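See structure below.
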Amino acid sequence: MAAETIDKLAKALAETLPEGLRTVRDDLERNFRAVLQTGLDKLDLVTREEFEVQQAVLARTRQKLEALEQRLAGLEAGPKAAKKPSRKKAAKKKTTKKKTAQKRAGKKAAKTGR
């Protein structure tokens, strides 16, 4: 926080004092200023500019994360679909192989005379 803002706050606090304490006003204003500065120094504050920069960095990071999540989902879905056919397709293939084997066996038996 800027020193002039702290000075304004300390002055405003000093002006709110009752008339009887106005004689020690300057001394209290210095104390107010010191207390405000110490209290604000203890806080881990950032400027608006620093905050906006970090906000922009976070937004870009979120976009990259979403893109990577989509890419990962695509990669995970791709190989599974290619490696494992659906149950219907697998059952159909089995039936087709069985029929083909039976036809071959039938042709072989016809040739041998059975």
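Chains: A, B, ... in order of the structure tokens. Residues: from 1 per chain. Ligands: from 1, in order shown.
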Residue neighbourhood stretch 41-44 of chain A, 12 Å, only C-alpha atoms, exclusion window fewer than 3 positions, as number ranges by chain: A: 1-3, 6, 34-38, 47
